[in-house]
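Heads up: the structure comes next, in structure tokens.
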Amino acid sequence: MTPRWLEPGCHRVVDGVHRIPLELPQDGLRAVNVYVLETDSGLALIDGGWRRPGTHRELTAALKLIGRSPAEIHDIFVTHIHRDHYTFAVELRRRYGCGVHMGSAEANGLDEIARIHNNVPESSLHQVRRAGAPELAEAVYRMTVDEPFDVADWEKPDSWLEPGILDLPGKRIEAVHTPGHTKGHIVFHDHDNHLSFTGDHILPSITPSIGFELGEWDLPLDKFLRSLELMADDARHTIAPAHGEVGGRVDDRARMLLEHHRRRFEQILEIVTQIGHPVTGHEVAAVLLWTRHDRPFAELDTFNQLIAVCETMAHLDVLVARDQLSATTVEGVDHFMH
């Protein structure tokens, strides 16, 4: 049965705010929510979607349901740099001249995409090799190196956002820097409607991946946890996520995610202690269960094994930073010990 949030259309959230799920190709998440804000000057979007042959037709049909059109879009505020959020925003600017805006801390990631000129997740592959899984890194490289890539999808935004109230007359929407999922991730709080457009920072039913981006690996999980703590006392806003149904309080879900990671730290410490000798991140990931369905690592597909190993390394690195584990590096592979 198809989840209700995936049903095509332009779904009212509150007066003047609508949710449009846009299909994702080759992606387990299946759709990304683009939020339409009716303004005094036309329309603004939160997130743009993934540019593919049918995306413009899909968006146009959805907007027509409320008597509007893409030509009315004057600004797009992007939560983060991932292609399912950014690349169609660039296409809409090319077609209609609207402004595109993204968090300033994503600038280096955009430069890295231009540098490598393909879809290979270089930084994640480095973490997987550091975790002692070179075969997995090679498999992901082969999957991604020949994927279609168009550098025009990754043109720079019109402005780099800093924390604060958006320049959006008639709206009181605040940009909040929430690094972790990516370095420059932004959550947008709509204070008038008590909504939070949480992007991939807070999702209603899954735990966001950590640090899946290009560039330096700088304790992304530590940053994610700190970003969650910013939200843990926010009882005023309802979650309007990038993937999933609108609903639930920001503070409740933030605390659930913090608790998930607390338990994960405990599980990893227990595994390292039980093994009793220096262990790699790949070995730890292979023992853990994954997804909300508690699937064994071996049952995950190649891409999700990559995500699992990277997240395990993110946890291990924080435990080392907290002096709860030690690490030694042998021939480029880190080994962890209690």
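Following the order of the structure tokens, first chain is A, next is B, and so on, with residues numbered from 1 inside each chain and ligands from 1 in the order they appear.
Residues surrounding Val279 in chain A within 10 Å are A:Ala131, A:Gly132, A:Ile271, A:Val272, A:Thr273, A:Ile275, A:Gly276, A:His277, A:Gly281, A:His282, A:Glu283, A:Val284, A:Ala327, A:Thr328, A:Asp334, A:His335, A:Phe336, A:Met337, A:His338 [only C-alpha atoms; sequence separation below 2 positions excluded].
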In range 73-200 of chain A, DSSP alpha helix (DSSP H) residues written as a ChimeraX atom specification: /A:83-96,107-116,122-130,134-144
Kindly export the residues of the current selection with N, CA and C atoms, as a compact mmCIF listing (two decimals), in the first residue's frame.
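Printed below is again-v6.txt as written:
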```txt
# COMPACT_ATOMS: atom_id res chain seq x y z
N ARG A 83 21.04 16.51 -4.22
CA ARG A 83 20.44 16.75 -5.54
C ARG A 83 18.92 16.67 -5.54
N ASP A 84 18.33 15.91 -4.58
CA ASP A 84 16.87 15.84 -4.54
C ASP A 84 16.25 17.10 -3.95
N HIS A 85 17.07 18.03 -3.50
CA HIS A 85 16.59 19.30 -2.96
C HIS A 85 17.01 20.49 -3.82
N TYR A 86 18.14 20.36 -4.51
CA TYR A 86 18.75 21.53 -5.14
C TYR A 86 18.61 21.60 -6.66
N THR A 87 18.75 20.49 -7.36
CA THR A 87 18.99 20.57 -8.81
C THR A 87 17.79 21.11 -9.59
N PHE A 88 16.56 20.82 -9.17
CA PHE A 88 15.42 21.37 -9.91
C PHE A 88 15.21 22.84 -9.57
N ALA A 89 15.69 23.29 -8.41
CA ALA A 89 15.66 24.73 -8.13
C ALA A 89 16.47 25.50 -9.16
N VAL A 90 17.62 24.94 -9.53
CA VAL A 90 18.46 25.58 -10.56
C VAL A 90 17.74 25.60 -11.90
N GLU A 91 17.04 24.52 -12.23
CA GLU A 91 16.28 24.47 -13.48
C GLU A 91 15.14 25.50 -13.48
N LEU A 92 14.46 25.65 -12.36
CA LEU A 92 13.38 26.65 -12.30
C LEU A 92 13.94 28.06 -12.47
N ARG A 93 15.10 28.32 -11.93
CA ARG A 93 15.71 29.64 -12.14
C ARG A 93 16.03 29.86 -13.61
N ARG A 94 16.51 28.82 -14.27
CA ARG A 94 16.84 28.93 -15.69
C ARG A 94 15.58 29.24 -16.51
N ARG A 95 14.46 28.65 -16.13
CA ARG A 95 13.22 28.84 -16.88
C ARG A 95 12.52 30.17 -16.56
N TYR A 96 12.54 30.58 -15.27
CA TYR A 96 11.66 31.67 -14.84
C TYR A 96 12.39 32.83 -14.16
N ALA A 107 28.84 26.05 0.57
CA ALA A 107 29.64 26.58 -0.55
C ALA A 107 30.79 25.65 -0.91
N ASN A 108 31.49 25.13 0.08
CA ASN A 108 32.62 24.25 -0.21
C ASN A 108 32.15 22.96 -0.88
N GLY A 109 31.01 22.43 -0.44
CA GLY A 109 30.49 21.22 -1.07
C GLY A 109 30.16 21.44 -2.53
N LEU A 110 29.62 22.61 -2.85
CA LEU A 110 29.32 22.92 -4.25
C LEU A 110 30.60 23.03 -5.07
N ASP A 111 31.64 23.60 -4.49
CA ASP A 111 32.93 23.66 -5.18
C ASP A 111 33.49 22.26 -5.42
N GLU A 112 33.32 21.37 -4.45
CA GLU A 112 33.82 20.00 -4.59
C GLU A 112 33.09 19.26 -5.72
N ILE A 113 31.78 19.48 -5.84
CA ILE A 113 31.04 18.84 -6.93
C ILE A 113 31.59 19.29 -8.28
N ALA A 114 31.87 20.57 -8.41
CA ALA A 114 32.44 21.08 -9.67
C ALA A 114 33.82 20.48 -9.91
N ARG A 115 34.58 20.28 -8.84
CA ARG A 115 35.94 19.75 -8.98
C ARG A 115 35.93 18.31 -9.49
N ILE A 116 35.10 17.44 -8.86
CA ILE A 116 35.17 16.02 -9.25
C ILE A 116 34.38 15.74 -10.52
N GLU A 122 33.05 10.83 -3.15
CA GLU A 122 34.46 10.64 -2.80
C GLU A 122 34.70 10.61 -1.30
N SER A 123 34.13 11.57 -0.59
CA SER A 123 34.39 11.67 0.84
C SER A 123 33.85 10.46 1.59
N SER A 124 32.69 9.98 1.20
CA SER A 124 32.12 8.78 1.83
C SER A 124 32.97 7.55 1.51
N LEU A 125 33.49 7.46 0.30
CA LEU A 125 34.34 6.33 -0.05
C LEU A 125 35.61 6.33 0.79
N HIS A 126 36.14 7.52 1.09
CA HIS A 126 37.31 7.61 1.97
C HIS A 126 36.98 7.05 3.35
N GLN A 127 35.80 7.37 3.87
CA GLN A 127 35.42 6.87 5.19
C GLN A 127 35.26 5.35 5.17
N VAL A 128 34.72 4.82 4.09
CA VAL A 128 34.53 3.37 3.99
C VAL A 128 35.88 2.66 3.91
N ARG A 129 36.82 3.24 3.19
CA ARG A 129 38.17 2.65 3.15
C ARG A 129 38.82 2.74 4.53
N ARG A 130 38.64 3.87 5.20
CA ARG A 130 39.17 4.04 6.56
C ARG A 130 38.55 3.03 7.52
N PRO A 134 37.43 -1.83 1.63
CA PRO A 134 37.79 -1.35 0.29
C PRO A 134 36.92 -1.95 -0.81
N GLU A 135 36.44 -3.20 -0.63
CA GLU A 135 35.59 -3.81 -1.66
C GLU A 135 34.27 -3.07 -1.79
N LEU A 136 33.72 -2.65 -0.65
CA LEU A 136 32.47 -1.87 -0.68
C LEU A 136 32.71 -0.54 -1.36
N ALA A 137 33.82 0.11 -1.05
CA ALA A 137 34.14 1.39 -1.68
C ALA A 137 34.25 1.24 -3.20
N GLU A 138 34.87 0.17 -3.64
CA GLU A 138 35.03 -0.06 -5.08
C GLU A 138 33.68 -0.32 -5.74
N ALA A 139 32.80 -1.06 -5.04
CA ALA A 139 31.48 -1.36 -5.60
C ALA A 139 30.67 -0.08 -5.76
N VAL A 140 30.72 0.82 -4.77
CA VAL A 140 29.98 2.09 -4.87
C VAL A 140 30.58 2.96 -5.96
N TYR A 141 31.90 2.97 -6.08
CA TYR A 141 32.54 3.75 -7.15
C TYR A 141 32.04 3.28 -8.52
N ARG A 142 32.01 1.97 -8.73
CA ARG A 142 31.55 1.45 -10.02
C ARG A 142 30.09 1.81 -10.27
N MET A 143 29.26 1.85 -9.21
CA MET A 143 27.84 2.20 -9.36
C MET A 143 27.64 3.64 -9.78
N THR A 144 28.52 4.53 -9.33
CA THR A 144 28.26 5.96 -9.44
C THR A 144 29.08 6.69 -10.49
```
Strand (DSSP E) call set, DSSP backbone run, range 58-218 of chain A, as a compact mmCIF listing (two decimals) with C-alpha atoms, in the first residue's frame:
```txt
# COMPACT_ATOMS: atom_id res chain seq x y z
CA ILE A 73 7.75 31.41 -8.27
CA HIS A 74 10.03 34.28 -7.27
CA ASP A 75 12.30 32.60 -4.68
CA ILE A 76 13.38 29.09 -3.69
CA PHE A 77 14.93 28.46 -0.27
CA VAL A 78 16.87 25.20 -0.26
CA GLY A 99 16.12 33.48 -6.95
CA VAL A 100 17.77 30.42 -5.39
CA HIS A 101 19.12 30.58 -1.84
CA MET A 102 21.06 28.02 0.22
CA GLY A 103 23.02 27.88 3.48
CA SER A 159 22.62 34.14 -2.29
CA TRP A 160 24.20 32.24 0.57
CA LEU A 161 21.92 32.21 3.59
CA GLY A 164 18.09 34.91 10.68
CA ILE A 165 14.76 36.11 9.27
CA ILE A 173 10.36 32.78 8.46
CA GLU A 174 13.62 32.20 10.28
CA ALA A 175 16.61 30.29 8.87
CA VAL A 176 18.39 28.18 11.49
CA HIS A 177 21.76 26.54 10.77
CA ILE A 186 19.08 24.90 7.17
CA VAL A 187 15.77 24.46 8.99
CA PHE A 188 13.18 27.15 8.23
CA HIS A 189 10.82 28.09 11.07
CA ASP A 190 7.54 29.64 9.90
CA LEU A 195 5.58 25.13 11.14
CA SER A 196 9.18 23.99 10.80
CA PHE A 197 10.37 23.05 7.33
CA THR A 198 12.94 20.60 8.65
CA GLY A 199 14.45 19.30 5.41
```
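In terms of minimum interatomic distance to Arg253 in chain A, A:Ile202 ranks closest within A:Leu306, A:Leu325, A:Ala285, A:Ile202, counting only C-alpha atoms.
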